[in-house]
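A.B. asks: Input structure: protein.pdb, which contains PDB, C-alpha atoms.
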ATOM      1  CA  MET A   7     -25.245   2.795  11.719
ATOM      2  CA  SER A   8     -27.900   2.311   9.057
ATOM      3  CA  THR A   9     -30.126   4.923   7.596
ATOM      4  CA  THR A  10     -32.770   5.212   4.913
ATOM      5  CA  VAL A  11     -32.570   7.934   2.310
ATOM      6  CA  PRO A  12     -35.862   8.814   0.613
ATOM      7  CA  GLY A  13     -36.147   9.657  -3.080
ATOM      8  CA  PHE A  14     -34.187   6.823  -4.629
ATOM      9  CA  GLU A  15     -37.104   5.304  -6.520
ATOM     10  CA  VAL A  16     -34.929   3.690  -9.170
ATOM     11  CA  LEU A  17     -32.971   1.817  -6.538
ATOM     12  CA  ALA A  18     -36.154   0.881  -4.748
ATOM     13  CA  ALA A  19     -37.536  -0.532  -8.003
ATOM     14  CA  ASN A  20     -34.412  -2.694  -8.426
ATOM     15  CA  PRO A  21     -33.839  -4.433  -5.126
ATOM     16  CA  GLY A  22     -31.707  -7.155  -6.734
ATOM     17  CA  PHE A  23     -28.433  -5.260  -6.760
ATOM     18  CA  VAL A  24     -26.109  -6.187  -3.933
ATOM     19  CA  ALA A  25     -23.215  -3.752  -3.575
ATOM     20  CA  PRO A  26     -19.849  -5.460  -3.138
ATOM     21  CA  GLY A  27     -18.482  -5.397   0.394
ATOM     22  CA  PRO A  28     -15.861  -6.959   2.649
ATOM     23  CA  SER A  29     -17.579 -10.339   2.276
ATOM     24  CA  ASP A  30     -16.312 -10.499  -1.330
ATOM     25  CA  PHE A  31     -12.801 -10.900   0.067
ATOM     26  CA  VAL A  32     -13.515 -14.195   1.790
ATOM     27  CA  PHE A  33     -12.576 -17.325  -0.128
ATOM     28  CA  LYS A  34     -13.453 -20.925   0.548
ATOM     29  CA  ASP A  35     -10.753 -23.327   1.575
ATOM     30  CA  LEU A  36      -9.802 -25.458  -1.402
ATOM     31  CA  PHE A  37     -10.470 -28.614   0.613
ATOM     32  CA  GLY A  38     -13.660 -27.327   2.236
ATOM     33  CA  GLY A  39     -13.692 -25.752   5.673
ATOM     34  CA  HIS A  40     -13.306 -22.122   6.552
ATOM     35  CA  GLN A  41     -10.369 -20.452   4.817
ATOM     36  CA  VAL A  42      -7.812 -21.741   7.273
ATOM     37  CA  LEU A  43      -4.782 -22.682   5.264
ATOM     38  CA  LEU A  44      -5.027 -23.386   1.574
ATOM     39  CA  THR A  45      -7.163 -20.792  -0.183
ATOM     40  CA  LYS A  46      -6.815 -19.135  -3.571
ATOM     41  CA  ILE A  47      -5.153 -16.248  -1.745
ATOM     42  CA  SER A  48      -2.400 -18.274  -0.110
ATOM     43  CA  LEU A  49      -1.748 -20.034  -3.423
ATOM     44  CA  LEU A  50      -1.355 -16.626  -5.104
ATOM     45  CA  PHE A  51       0.972 -15.594  -2.291
ATOM     46  CA  VAL A  52       3.240 -18.561  -2.949
ATOM     47  CA  LEU A  53       2.989 -18.045  -6.707
ATOM     48  CA  ALA A  54       4.191 -14.462  -6.267
ATOM     49  CA  ALA A  55       7.264 -15.648  -4.372
ATOM     50  CA  VAL A  56       8.018 -18.197  -7.090
ATOM     51  CA  LEU A  57       7.543 -15.628  -9.868
ATOM     52  CA  ALA A  58       9.758 -13.066  -8.116
ATOM     53  CA  PHE A  59      12.477 -15.717  -7.738
ATOM     54  CA  VAL A  60      12.156 -16.870 -11.352
ATOM     55  CA  PHE A  61      12.238 -13.306 -12.702
ATOM     56  CA  LEU A  62      15.381 -12.373 -10.810
ATOM     57  CA  ARG A  63      17.027 -15.727 -11.515
ATOM     58  CA  VAL A  64      16.330 -15.703 -15.242
ATOM     59  CA  THR A  65      17.383 -12.098 -15.737
ATOM     60  CA  SER A  66      20.620 -12.516 -13.773
ATOM     61  CA  ARG A  67      21.649 -15.903 -15.148
ATOM     62  CA  ARG A  68      24.216 -15.822 -17.945
ATOM     63  CA  ALA A  69      25.007 -12.178 -17.249
ATOM     64  CA  ALA A  70      26.873 -10.734 -20.202
ATOM     65  CA  VAL A  71      28.857  -7.529 -20.669
ATOM     66  CA  VAL A  72      26.464  -6.592 -23.443
ATOM     67  CA  PRO A  73      23.167  -7.352 -21.714
ATOM     68  CA  SER A  74      20.234  -9.032 -23.374
ATOM     69  CA  ARG A  75      16.856  -7.352 -23.123
ATOM     70  CA  GLY A  76      15.815  -9.469 -20.136
ATOM     71  CA  GLN A  77      19.073  -8.895 -18.301
ATOM     72  CA  TYR A  78      18.769  -5.177 -18.948
ATOM     73  CA  LEU A  79      15.246  -5.095 -17.490
ATOM     74  CA  GLY A  80      16.290  -7.017 -14.396
ATOM     75  CA  GLU A  81      19.367  -4.870 -13.866
ATOM     76  CA  GLN A  82      17.392  -1.667 -14.263
ATOM     77  CA  ALA A  83      14.889  -2.747 -11.632
ATOM     78  CA  TYR A  84      17.640  -3.996  -9.315
ATOM     79  CA  THR A  85      19.629  -0.785  -9.697
ATOM     80  CA  PHE A  86      16.517   1.262  -9.019
ATOM     81  CA  VAL A  87      15.974  -0.438  -5.659
ATOM     82  CA  ARG A  88      19.681  -0.534  -4.807
ATOM     83  CA  ASN A  89      20.539   3.084  -5.608
ATOM     84  CA  GLY A  90      17.194   4.806  -5.522
ATOM     85  CA  ILE A  91      15.919   3.274  -2.301
ATOM     86  CA  ALA A  92      18.620   1.485  -0.310
ATOM     87  CA  GLN A  93      21.585   3.785  -0.827
ATOM     88  CA  ASP A  94      19.631   7.022  -0.465
ATOM     89  CA  SER A  95      17.770   5.962   2.670
ATOM     90  CA  ILE A  96      20.276   3.873   4.607
ATOM     91  CA  GLY A  97      23.472   5.400   3.289
ATOM     92  CA  GLY A  98      27.084   4.668   4.065
ATOM     93  CA  ARG A  99      28.278   1.111   3.687
ATOM     94  CA  ASP A 100      25.436  -0.327   5.757
ATOM     95  CA  TYR A 101      23.011  -0.397   2.879
ATOM     96  CA  ARG A 102      24.745  -3.297   1.104
ATOM     97  CA  ARG A 103      23.642  -5.792   3.743
ATOM     98  CA  PHE A 104      20.002  -4.870   3.216
ATOM     99  CA  VAL A 105      19.876  -4.722  -0.580
ATOM    100  CA  PRO A 106      18.792  -8.400  -0.905
ATOM    101  CA  LEU A 107      15.977  -7.854   1.606
ATOM    102  CA  LEU A 108      14.755  -4.695  -0.089
ATOM    103  CA  VAL A 109      14.955  -6.121  -3.618
ATOM    104  CA  SER A 110      13.014  -9.226  -2.594
ATOM    105  CA  LEU A 111      10.434  -7.138  -0.745
ATOM    106  CA  PHE A 112       9.944  -4.849  -3.740
ATOM    107  CA  PHE A 113       9.491  -7.603  -6.293
ATOM    108  CA  PHE A 114       7.404  -9.763  -4.004
ATOM    109  CA  ILE A 115       4.952  -6.966  -3.208
ATOM    110  CA  LEU A 116       4.917  -5.699  -6.792
ATOM    111  CA  ILE A 117       4.003  -9.101  -8.221
ATOM    112  CA  ASN A 118       1.431  -9.684  -5.489
ATOM    113  CA  ASN A 119      -0.212  -6.341  -6.254
ATOM    114  CA  LEU A 120      -0.171  -6.834 -10.014
ATOM    115  CA  PHE A 121      -2.185 -10.030  -9.526
ATOM    116  CA  SER A 122      -5.203  -7.806  -8.956
ATOM    117  CA  LEU A 123      -5.136  -6.880 -12.653
ATOM    118  CA  VAL A 124      -4.350 -10.286 -14.170
ATOM    119  CA  PRO A 125      -7.477 -11.924 -15.589
ATOM    120  CA  VAL A 126      -8.501 -15.172 -13.818
ATOM    121  CA  LEU A 127      -6.248 -14.438 -10.815
ATOM    122  CA  GLN A 128      -7.779 -10.991 -10.193
ATOM    123  CA  PHE A 129      -6.973 -10.769  -6.538
ATOM    124  CA  ALA A 130      -4.187  -9.066  -4.650
ATOM    125  CA  PRO A 131      -3.306 -11.157  -1.584
ATOM    126  CA  PHE A 132      -2.520  -8.002   0.362
ATOM    127  CA  SER A 133      -6.157  -6.968   0.249
ATOM    128  CA  ARG A 134      -6.499  -9.464   3.094
ATOM    129  CA  VAL A 135      -5.035  -7.697   6.076
ATOM    130  CA  GLY A 136      -3.403 -10.775   7.614
ATOM    131  CA  PHE A 137      -0.828 -11.038   4.843
ATOM    132  CA  ALA A 138       0.069  -7.370   5.234
ATOM    133  CA  TYR A 139       0.415  -7.790   9.021
ATOM    134  CA  ALA A 140       2.818 -10.679   8.516
ATOM    135  CA  LEU A 141       5.034  -8.740   6.119
ATOM    136  CA  ALA A 142       5.066  -5.601   8.285
ATOM    137  CA  GLY A 143       5.802  -7.759  11.339
ATOM    138  CA  LEU A 144       8.815  -9.209   9.556
ATOM    139  CA  VAL A 145      10.068  -5.716   8.716
ATOM    140  CA  TRP A 146       9.450  -4.587  12.309
ATOM    141  CA  VAL A 147      11.538  -7.441  13.716
ATOM    142  CA  ILE A 148      14.346  -6.799  11.226
ATOM    143  CA  TYR A 149      14.725  -3.063  11.767
ATOM    144  CA  ASN A 150      14.512  -3.326  15.540
ATOM    145  CA  ALA A 151      16.984  -6.226  15.599
ATOM    146  CA  ALA A 152      19.380  -4.331  13.331
ATOM    147  CA  GLY A 153      19.164  -1.281  15.582
ATOM    148  CA  ILE A 154      19.677  -3.269  18.781
ATOM    149  CA  ALA A 155      22.626  -5.129  17.245
ATOM    150  CA  ARG A 156      24.222  -1.788  16.364
ATOM    151  CA  HIS A 157      23.522   0.299  19.466
ATOM    152  CA  GLY A 158      22.647  -2.198  22.208
ATOM    153  CA  VAL A 159      19.222  -2.268  23.838
ATOM    154  CA  GLY A 160      19.603   0.929  25.892
ATOM    155  CA  GLY A 161      21.320   2.858  23.129
ATOM    156  CA  TYR A 162      18.715   1.823  20.603
ATOM    157  CA  PHE A 163      15.751   2.907  22.678
ATOM    158  CA  LYS A 164      17.528   6.153  23.484
ATOM    159  CA  LEU A 165      18.041   6.723  19.757
ATOM    160  CA  GLN A 166      14.432   5.958  18.872
ATOM    161  CA  ALA A 167      12.611   7.517  21.802
ATOM    162  CA  VAL A 168      14.714  10.397  23.142
ATOM    163  CA  PRO A 169      15.022  13.333  20.747
ATOM    164  CA  SER A 170      18.158  15.387  21.300
ATOM    165  CA  GLY A 171      18.285  19.133  21.878
ATOM    166  CA  VAL A 172      14.976  19.247  23.751
ATOM    167  CA  PRO A 173      14.521  20.833  27.196
ATOM    168  CA  ALA A 174      14.287  18.196  29.940
ATOM    169  CA  ILE A 175      10.761  19.192  30.883
ATOM    170  CA  MET A 176       9.523  18.476  27.357
ATOM    171  CA  LEU A 177      11.007  14.983  27.426
ATOM    172  CA  VAL A 178       8.216  13.872  29.756
ATOM    173  CA  LEU A 179       5.820  14.527  26.918
ATOM    174  CA  LEU A 180       7.999  13.593  23.972
ATOM    175  CA  VAL A 181       9.534  10.289  25.052
ATOM    176  CA  PRO A 182       6.231   8.377  25.214
ATOM    177  CA  LEU A 183       5.102   9.982  21.972
ATOM    178  CA  GLU A 184       8.305   9.151  20.125
ATOM    179  CA  PHE A 185       8.287   5.617  21.483
ATOM    180  CA  LEU A 186       4.688   5.184  20.400
ATOM    181  CA  SER A 187       5.280   6.550  16.918
ATOM    182  CA  ASN A 188       8.653   4.895  16.220
ATOM    183  CA  ILE A 189       8.144   1.474  17.747
ATOM    184  CA  LEU A 190       4.433   0.756  17.996
ATOM    185  CA  VAL A 191       2.581   2.684  15.282
ATOM    186  CA  ARG A 192       5.047   2.116  12.438
ATOM    187  CA  PRO A 193       4.237  -1.553  11.763
ATOM    188  CA  VAL A 194       0.517  -0.766  11.968
ATOM    189  CA  THR A 195       0.589   2.047   9.413
ATOM    190  CA  LEU A 196       3.010   0.108   7.234
ATOM    191  CA  SER A 197       0.671  -2.869   6.973
ATOM    192  CA  LEU A 198      -2.576  -0.890   6.873
ATOM    193  CA  ARG A 199      -1.293   1.361   4.087
ATOM    194  CA  LEU A 200      -0.581  -1.591   1.832
ATOM    195  CA  PHE A 201      -3.757  -3.399   2.832
ATOM    196  CA  ALA A 202      -6.126  -0.441   2.519
ATOM    197  CA  ASN A 203      -4.830   0.586  -0.893
ATOM    198  CA  MET A 204      -5.229  -2.882  -2.355
ATOM    199  CA  PHE A 205      -8.545  -3.417  -0.571
ATOM    200  CA  ALA A 206     -10.035  -0.124  -1.745
ATOM    201  CA  GLY A 207      -8.793  -0.676  -5.291
ATOM    202  CA  HIS A 208     -10.308  -4.150  -5.513
ATOM    203  CA  LEU A 209     -13.584  -2.933  -4.028
ATOM    204  CA  LEU A 210     -13.723  -0.075  -6.518
ATOM    205  CA  LEU A 211     -13.142  -2.421  -9.464
ATOM    206  CA  LEU A 212     -15.794  -4.807  -8.137
ATOM    207  CA  LEU A 213     -18.264  -1.958  -7.726
ATOM    208  CA  PHE A 214     -17.796  -0.611 -11.251
ATOM    209  CA  ALA A 215     -17.897  -4.049 -12.835
ATOM    210  CA  SER A 216     -20.880  -5.456 -10.940
ATOM    211  CA  GLY A 217     -22.777  -2.148 -10.952
ATOM    212  CA  GLY A 218     -22.173  -1.703 -14.685
ATOM    213  CA  GLU A 219     -23.285  -5.255 -15.400
ATOM    214  CA  TYR A 220     -26.413  -4.799 -13.313
ATOM    215  CA  MET A 221     -27.395  -1.495 -14.894
ATOM    216  CA  LEU A 222     -26.778  -2.797 -18.395
ATOM    217  CA  LEU A 223     -28.551  -6.147 -18.130
ATOM    218  CA  HIS A 224     -30.929  -6.313 -15.193
ATOM    219  CA  ALA A 225     -32.068  -2.860 -14.118
ATOM    220  CA  THR A 226     -35.448  -1.551 -15.274
ATOM    221  CA  GLY A 227     -37.383   1.657 -14.795
ATOM    222  CA  ASN A 228     -35.295   4.343 -16.418
ATOM    223  CA  ILE A 229     -33.908   4.740 -19.939
ATOM    224  CA  VAL A 230     -30.756   6.409 -18.605
ATOM    225  CA  LEU A 231     -29.601   3.247 -16.849
ATOM    226  CA  LYS A 232     -28.180   1.402 -19.847
ATOM    227  CA  PRO A 233     -25.880   4.211 -21.039
ATOM    228  CA  ALA A 234     -24.916   4.664 -17.396
ATOM    229  CA  GLY A 235     -23.926   0.995 -17.332
ATOM    230  CA  ILE A 236     -21.665   1.483 -20.341
ATOM    231  CA  LEU A 237     -20.188   4.567 -18.680
ATOM    232  CA  ALA A 238     -19.553   2.531 -15.541
ATOM    233  CA  PHE A 239     -17.591  -0.027 -17.573
ATOM    234  CA  ALA A 240     -15.544   2.741 -19.192
ATOM    235  CA  LEU A 241     -14.807   4.239 -15.795
ATOM    236  CA  GLY A 242     -13.949   0.765 -14.541
ATOM    237  CA  ILE A 243     -11.198   0.548 -17.161
ATOM    238  CA  GLY A 244      -9.917   3.919 -15.956
ATOM    239  CA  VAL A 245      -9.919   2.660 -12.382
ATOM    240  CA  GLY A 246      -8.005  -0.391 -13.582
ATOM    241  CA  LEU A 247      -5.270   1.843 -14.973
ATOM    242  CA  LEU A 248      -5.224   3.781 -11.707
ATOM    243  CA  GLU A 249      -4.875   0.464  -9.877
ATOM    244  CA  PHE A 250      -1.838  -0.357 -12.001
ATOM    245  CA  ILE A 251      -0.145   2.857 -10.815
ATOM    246  CA  VAL A 252      -1.187   2.208  -7.214
ATOM    247  CA  ALA A 253       0.195  -1.350  -7.337
ATOM    248  CA  ILE A 254       3.635  -0.098  -8.354
ATOM    249  CA  LEU A 255       3.512   2.894  -6.025
ATOM    250  CA  GLN A 256       2.607   0.812  -2.979
ATOM    251  CA  ALA A 257       5.416  -1.667  -3.616
ATOM    252  CA  TYR A 258       7.768   1.319  -3.876
ATOM    253  CA  VAL A 259       6.395   3.024  -0.764
ATOM    254  CA  PHE A 260       6.597  -0.139   1.351
ATOM    255  CA  THR A 261      10.207  -0.748   0.314
ATOM    256  CA  LEU A 262      11.107   2.927   0.760
ATOM    257  CA  LEU A 263       9.631   3.074   4.261
ATOM    258  CA  THR A 264      11.387  -0.169   5.214
ATOM    259  CA  ALA A 265      14.662   1.382   4.083
ATOM    260  CA  GLN A 266      13.884   4.590   5.978
ATOM    261  CA  TYR A 267      13.170   2.673   9.186
ATOM    262  CA  LEU A 268      16.371   0.670   8.767
ATOM    263  CA  GLY A 269      18.286   3.886   8.136
ATOM    264  CA  GLY A 270      16.760   5.452  11.239
ATOM    265  CA  ALA A 271      17.590   2.408  13.370
ATOM    266  CA  LEU A 272      21.211   2.273  12.170
ATOM    267  CA  ALA A 273      21.907   6.021  12.245
ATOM    268  CA  ASP A 274      24.484   7.410  14.622
ATOM    269  CA  SER A 275      22.875   9.295  17.453
ATOM    270  CA  HIS A 276      22.248  12.864  16.442
TER     271      HIS A 276
ATOM    272  CA  MET B   9     -31.784   3.222   0.273
ATOM    273  CA  THR B  10     -29.959   1.792   3.198
ATOM    274  CA  GLY B  11     -26.280   2.156   3.879
ATOM    275  CA  SER B  12     -23.771   3.059   6.469
ATOM    276  CA  LEU B  13     -23.234   6.619   7.644
ATOM    277  CA  ASN B  14     -19.670   5.540   8.434
ATOM    278  CA  MET B  15     -18.881   5.864   4.751
ATOM    279  CA  VAL B  16     -20.178   9.446   4.652
ATOM    280  CA  GLY B  17     -18.003  10.150   7.650
ATOM    281  CA  TYR B  18     -15.059   8.559   5.954
ATOM    282  CA  GLY B  19     -15.652  10.688   2.882
ATOM    283  CA  LEU B  20     -15.482  13.802   5.065
ATOM    284  CA  ALA B  21     -12.392  12.493   6.849
ATOM    285  CA  ALA B  22     -10.624  11.941   3.535
ATOM    286  CA  ILE B  23     -10.739  15.689   2.763
ATOM    287  CA  GLY B  24      -7.848  16.390   5.133
ATOM    288  CA  PRO B  25      -5.335  13.894   3.704
ATOM    289  CA  GLY B  26      -6.542  14.899   0.225
ATOM    290  CA  ILE B  27      -5.511  18.489   0.829
ATOM    291  CA  GLY B  28      -2.292  17.325   2.465
ATOM    292  CA  ILE B  29      -1.306  15.140  -0.485
ATOM    293  CA  GLY B  30      -2.157  18.005  -2.829
ATOM    294  CA  LEU B  31       0.184  20.307  -0.905
ATOM    295  CA  VAL B  32       2.982  17.728  -0.952
ATOM    296  CA  PHE B  33       2.860  17.313  -4.713
ATOM    297  CA  ALA B  34       2.367  21.051  -5.302
ATOM    298  CA  ALA B  35       5.618  21.656  -3.440
ATOM    299  CA  TYR B  36       7.303  18.841  -5.372
ATOM    300  CA  ILE B  37       6.230  20.255  -8.725
ATOM    301  CA  ASN B  38       7.295  23.749  -7.683
ATOM    302  CA  GLY B  39      10.680  22.519  -6.535
ATOM    303  CA  THR B  40      11.248  20.533  -9.719
ATOM    304  CA  ALA B  41      10.222  23.490 -11.887
ATOM    305  CA  ARG B  42      12.702  25.739 -10.113
ATOM    306  CA  GLN B  43      15.539  23.240  -9.955
ATOM    307  CA  PRO B  44      15.059  20.362 -12.406
ATOM    308  CA  GLU B  45      18.361  18.721 -11.398
ATOM    309  CA  MET B  46      16.955  18.110  -7.883
ATOM    310  CA  GLN B  47      14.100  16.033  -9.259
ATOM    311  CA  SER B  48      15.345  12.594  -8.218
ATOM    312  CA  ARG B  49      16.033  13.630  -4.629
ATOM    313  CA  LEU B  50      12.775  15.530  -4.302
ATOM    314  CA  GLN B  51      10.859  12.553  -5.644
ATOM    315  CA  THR B  52      11.847  10.342  -2.708
ATOM    316  CA  ILE B  53      10.915  13.049  -0.214
ATOM    317  CA  ALA B  54       7.628  13.774  -1.985
ATOM    318  CA  ILE B  55       6.551  10.136  -2.041
ATOM    319  CA  LEU B  56       7.517   9.765   1.605
ATOM    320  CA  GLY B  57       5.415  12.815   2.491
ATOM    321  CA  PHE B  58       2.578  11.469   0.391
ATOM    322  CA  ALA B  59       2.719   8.123   2.196
ATOM    323  CA  LEU B  60       2.686   9.772   5.621
ATOM    324  CA  ALA B  61      -0.272  12.030   4.759
ATOM    325  CA  GLU B  62      -2.073   9.080   3.251
ATOM    326  CA  ALA B  63      -1.699   7.148   6.511
ATOM    327  CA  LEU B  64      -4.444   9.350   7.994
ATOM    328  CA  ALA B  65      -6.885   8.390   5.265
ATOM    329  CA  ILE B  66      -5.969   4.758   5.807
ATOM    330  CA  ILE B  67      -6.565   4.879   9.533
ATOM    331  CA  GLY B  68      -9.908   6.460   8.596
ATOM    332  CA  ILE B  69     -10.964   3.658   6.278
ATOM    333  CA  ALA B  70      -9.873   1.018   8.768
ATOM    334  CA  LEU B  71     -11.979   2.649  11.488
ATOM    335  CA  ALA B  72     -14.911   3.165   9.094
ATOM    336  CA  PHE B  73     -15.125  -0.600   8.730
ATOM    337  CA  ALA B  74     -14.220  -1.404  12.327
ATOM    338  CA  ILE B  75     -16.752   0.835  14.124
ATOM    339  CA  LYS B  76     -20.317  -0.372  13.867
TER     340      LYS B  76
END
Since I need it in another form, could you write the structure as structure tokens?
C.D. replies:
Amino acid sequence: MSTTVPGFEVLAANPGFVAPGPSDFVFKDLFGGHQVLLTKISLLFVLAAVLAFVFLRVTSRRAAVVPSRGQYLGEQAYTFVRNGIAQDSIGGRDYRRFVPLLVSLFFFILINNLFSLVPVLQFAPFSRVGFAYALAGLVWVIYNAAGIARHGVGGYFKLQAVPSGVPAIMLVLLVPLEFLSNILVRPVTLSLRLFANMFAGHLLLLLFASGGEYMLLHATGNIVLKPAGILAFALGIGVGLLEFIVAILQAYVFTLLTAQYLGGALADSH
Amino acid sequence: MTGSLNMVGYGLAAIGPGIGIGLVFAAYINGTARQPEMQSRLQTIAILGFALAEALAIIGIALAFAIK
């Protein structure tokens, strides 16, 4: 729905500014064509996997009793995911099987998200929703398969969809709701959360950078515009720092929710 | 100026999750101030609550772009 707001003479006098939008997230295929297979984004995606592997490999190779600085960093991060996420959420002895999955997920997403702040690269692959769908789909398959392997098909759906201690008449209402929320909505929110955070962050950075550049160099008609451009750049740096926090937080949240879902799927019926 | 009213709507829709996230972290800060040794356990719960409240804002932004 489009609308026209009167009274924005400065904007009317400067029709050249094009606000960034979803079209800024579309990249050309490196061999021509329409972003089918090999774009900058898919290259970054692969690069993130390679970097995550190299980081963990280098910091764990030649492990010594007195750790070097690199080994210490790697072990700290590994311990954080293992104890802070996996053990707390899955619990028992089950969590050990899933530590490799969770550690790889955490580092993979973290490196992918940090790409949005690296000059030249400057794009987080997860701000394209397809990549987030794929990752959430993988998690969805794993936690459902783990639950079915533990409880059997009937037992698993009973665990996920039938809350205990509820009057029978309420079950008519609750079973579809629980099924919807535990089986169908989870992968959607999991992927959209990651996607929307990276998407909004990139859009915000684009807006401050391109708007600041436009106000500083091209806009005419009002003396206030140039200082406003400088202010926009300063705010853009602030948004960049915020993005740094969001990148780490979203990697943490995705891994934490994966662990929670796994814990829920493996739990004994309550 | 032309634009999409969807974004105004999304701005209004973001108020709810904003308040929700504020409440989550207010409770987290309160709990940590009263019992600092519980901080690490509360942190996980707080971030989980934050992520669930945030899901509403995310559904909002997805629909703001999806609905023309």
A.B. asks: For a test of reading the model, state the distance in Å between atom CA of Ser133 of chain A and atom CA of Leu247 of chain A, rounded to one decimal.
C.D. replies: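 Between these atoms lies a distance of 17.6 Å.
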A.B. asks: How close does chain B get to chain A? List, as a Markdown table, each residue of chain B within 8 Å, its nearest atom pair and the distance in Å to one decimal, counting only C-alpha atoms.
C.D. replies:
| residue | atom | partner | partner_atom | distance |
| --- | --- | --- | --- | --- |
| B:Met9 | CA | A:Thr10 | CA | 5.1 |
| B:Thr10 | CA | A:Thr10 | CA | 4.7 |
| B:Gly11 | CA | A:Ser8 | CA | 5.4 |
| B:Ser12 | CA | A:Ser8 | CA | 4.9 |
| B:Leu13 | CA | A:Met7 | CA | 5.9 |
| B:Asn14 | CA | A:Met7 | CA | 7.0 |
| B:Ile55 | CA | A:Val259 | CA | 7.2 |
| B:Leu56 | CA | A:Val259 | CA | 7.2 |
| B:Ala59 | CA | A:Val259 | CA | 6.9 |
| B:Glu62 | CA | A:Arg199 | CA | 7.8 |
| B:Ala63 | CA | A:Arg199 | CA | 6.3 |
| B:Ile66 | CA | A:Arg199 | CA | 6.0 |
| B:Ile67 | CA | A:Leu198 | CA | 7.5 |
| B:Ile69 | CA | A:Ala202 | CA | 7.4 |
| B:Ala70 | CA | A:Ala202 | CA | 7.4 |
| B:Lys76 | CA | A:Met7 | CA | 6.2 |
A.B. asks: Near segment 30-37 of chain B, counting all atoms listed in the file, which residues have an atom at most 7 Å away, once you skip same-chain residues fewer than 4 positions from it, shown as a list in words?
C.D. replies: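 That gives Gly26, Ala41, Leu50, Ala54, Gly57 and Phe58 of chain B.
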A.B. asks: Could you give me, as a PyMOL selection string, the residues within 8 Å of Gly68 of chain B, counting all atoms listed in the file and dropping anything in the same chain fewer than 5 positions from it?
C.D. replies: chain B and resi 18+21-22
A.B. asks: Report, as JSON, the axis-aligned box around all atoms of segment 215-231 of chain A present in the file, extended by 6 Å on each side; give centre and edge lengths in Å to one decimal place.
C.D. replies:
{"center_x": -27.6, "center_y": 0.0, "center_z": -15.4, "size_x": 31.5, "size_y": 24.7, "size_z": 21.0}
A.B. asks: Have a look at atom CA of Ala142 of chain A and atom CA of Leu108 of chain A and let me know their distance in Å, one decimal.
C.D. replies: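 Answer for the atom CA of Ala142 of chain A to atom CA of Leu108 of chain A separation: 12.8 Å.
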A.B. asks: When you draw a straight line from atom CA of Ser197 of chain A to atom CA of Val135 of chain A, how long is it in Å?
C.D. replies: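 Pair atom CA of Ser197 of chain A / atom CA of Val135 of chain A returns 7.5 Å.
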A.B. asks: Which one of A:Leu272, A:Ile148, A:Val24, A:Val87 sits closest to Val105 of chain A if you count only C-alpha atoms?
C.D. replies: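 With only C-alpha atoms as the atom set, the closest residue is A:Val87.
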A.B. asks: Which residues would end up in the selection if the PyMOL selection byres ((chain A and resi 189) around 12) were applied here, given that I need the answer as a ChimeraX atom specification?
C.D. replies: /A:143,145-147,149-151,153,162-167,181-188,190-196,267,270-271
A.B. asks: Name every residue that the PyMOL selection byres ((chain A and resi 224-238) around 9) selects in this structure, writing the answer as a list in words with chains first and numbers rising.
C.D. replies: Val16, Leu17, Ala19, Asn20, Gly22, Phe23, Phe214, Ala215, Gly217, Gly218, Glu219, Tyr220, Met221, Leu222, Leu223, Phe239, Ala240, Leu241, Gly242 and Ile243 of chain A
A.B. asks: Taking the file as I've supplied it (selection: the PyMOL selection byres ((chain A and resi 100) around 12)), which residues are included? Please answer as a list in words.
C.D. replies: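 Checking the PyMOL selection byres ((chain A and resi 100) around 12) against this file, the residues are Ala92, Gln93, Asp94, Ser95, Ile96, Gly97, Gly98, Arg99, Tyr101, Arg102, Arg103, Phe104, Val105, Ala152, Gly153, Arg156, Ala265, Leu268, Gly269, Gly270, Ala271, Leu272, Ala273 and Asp274 of chain A.
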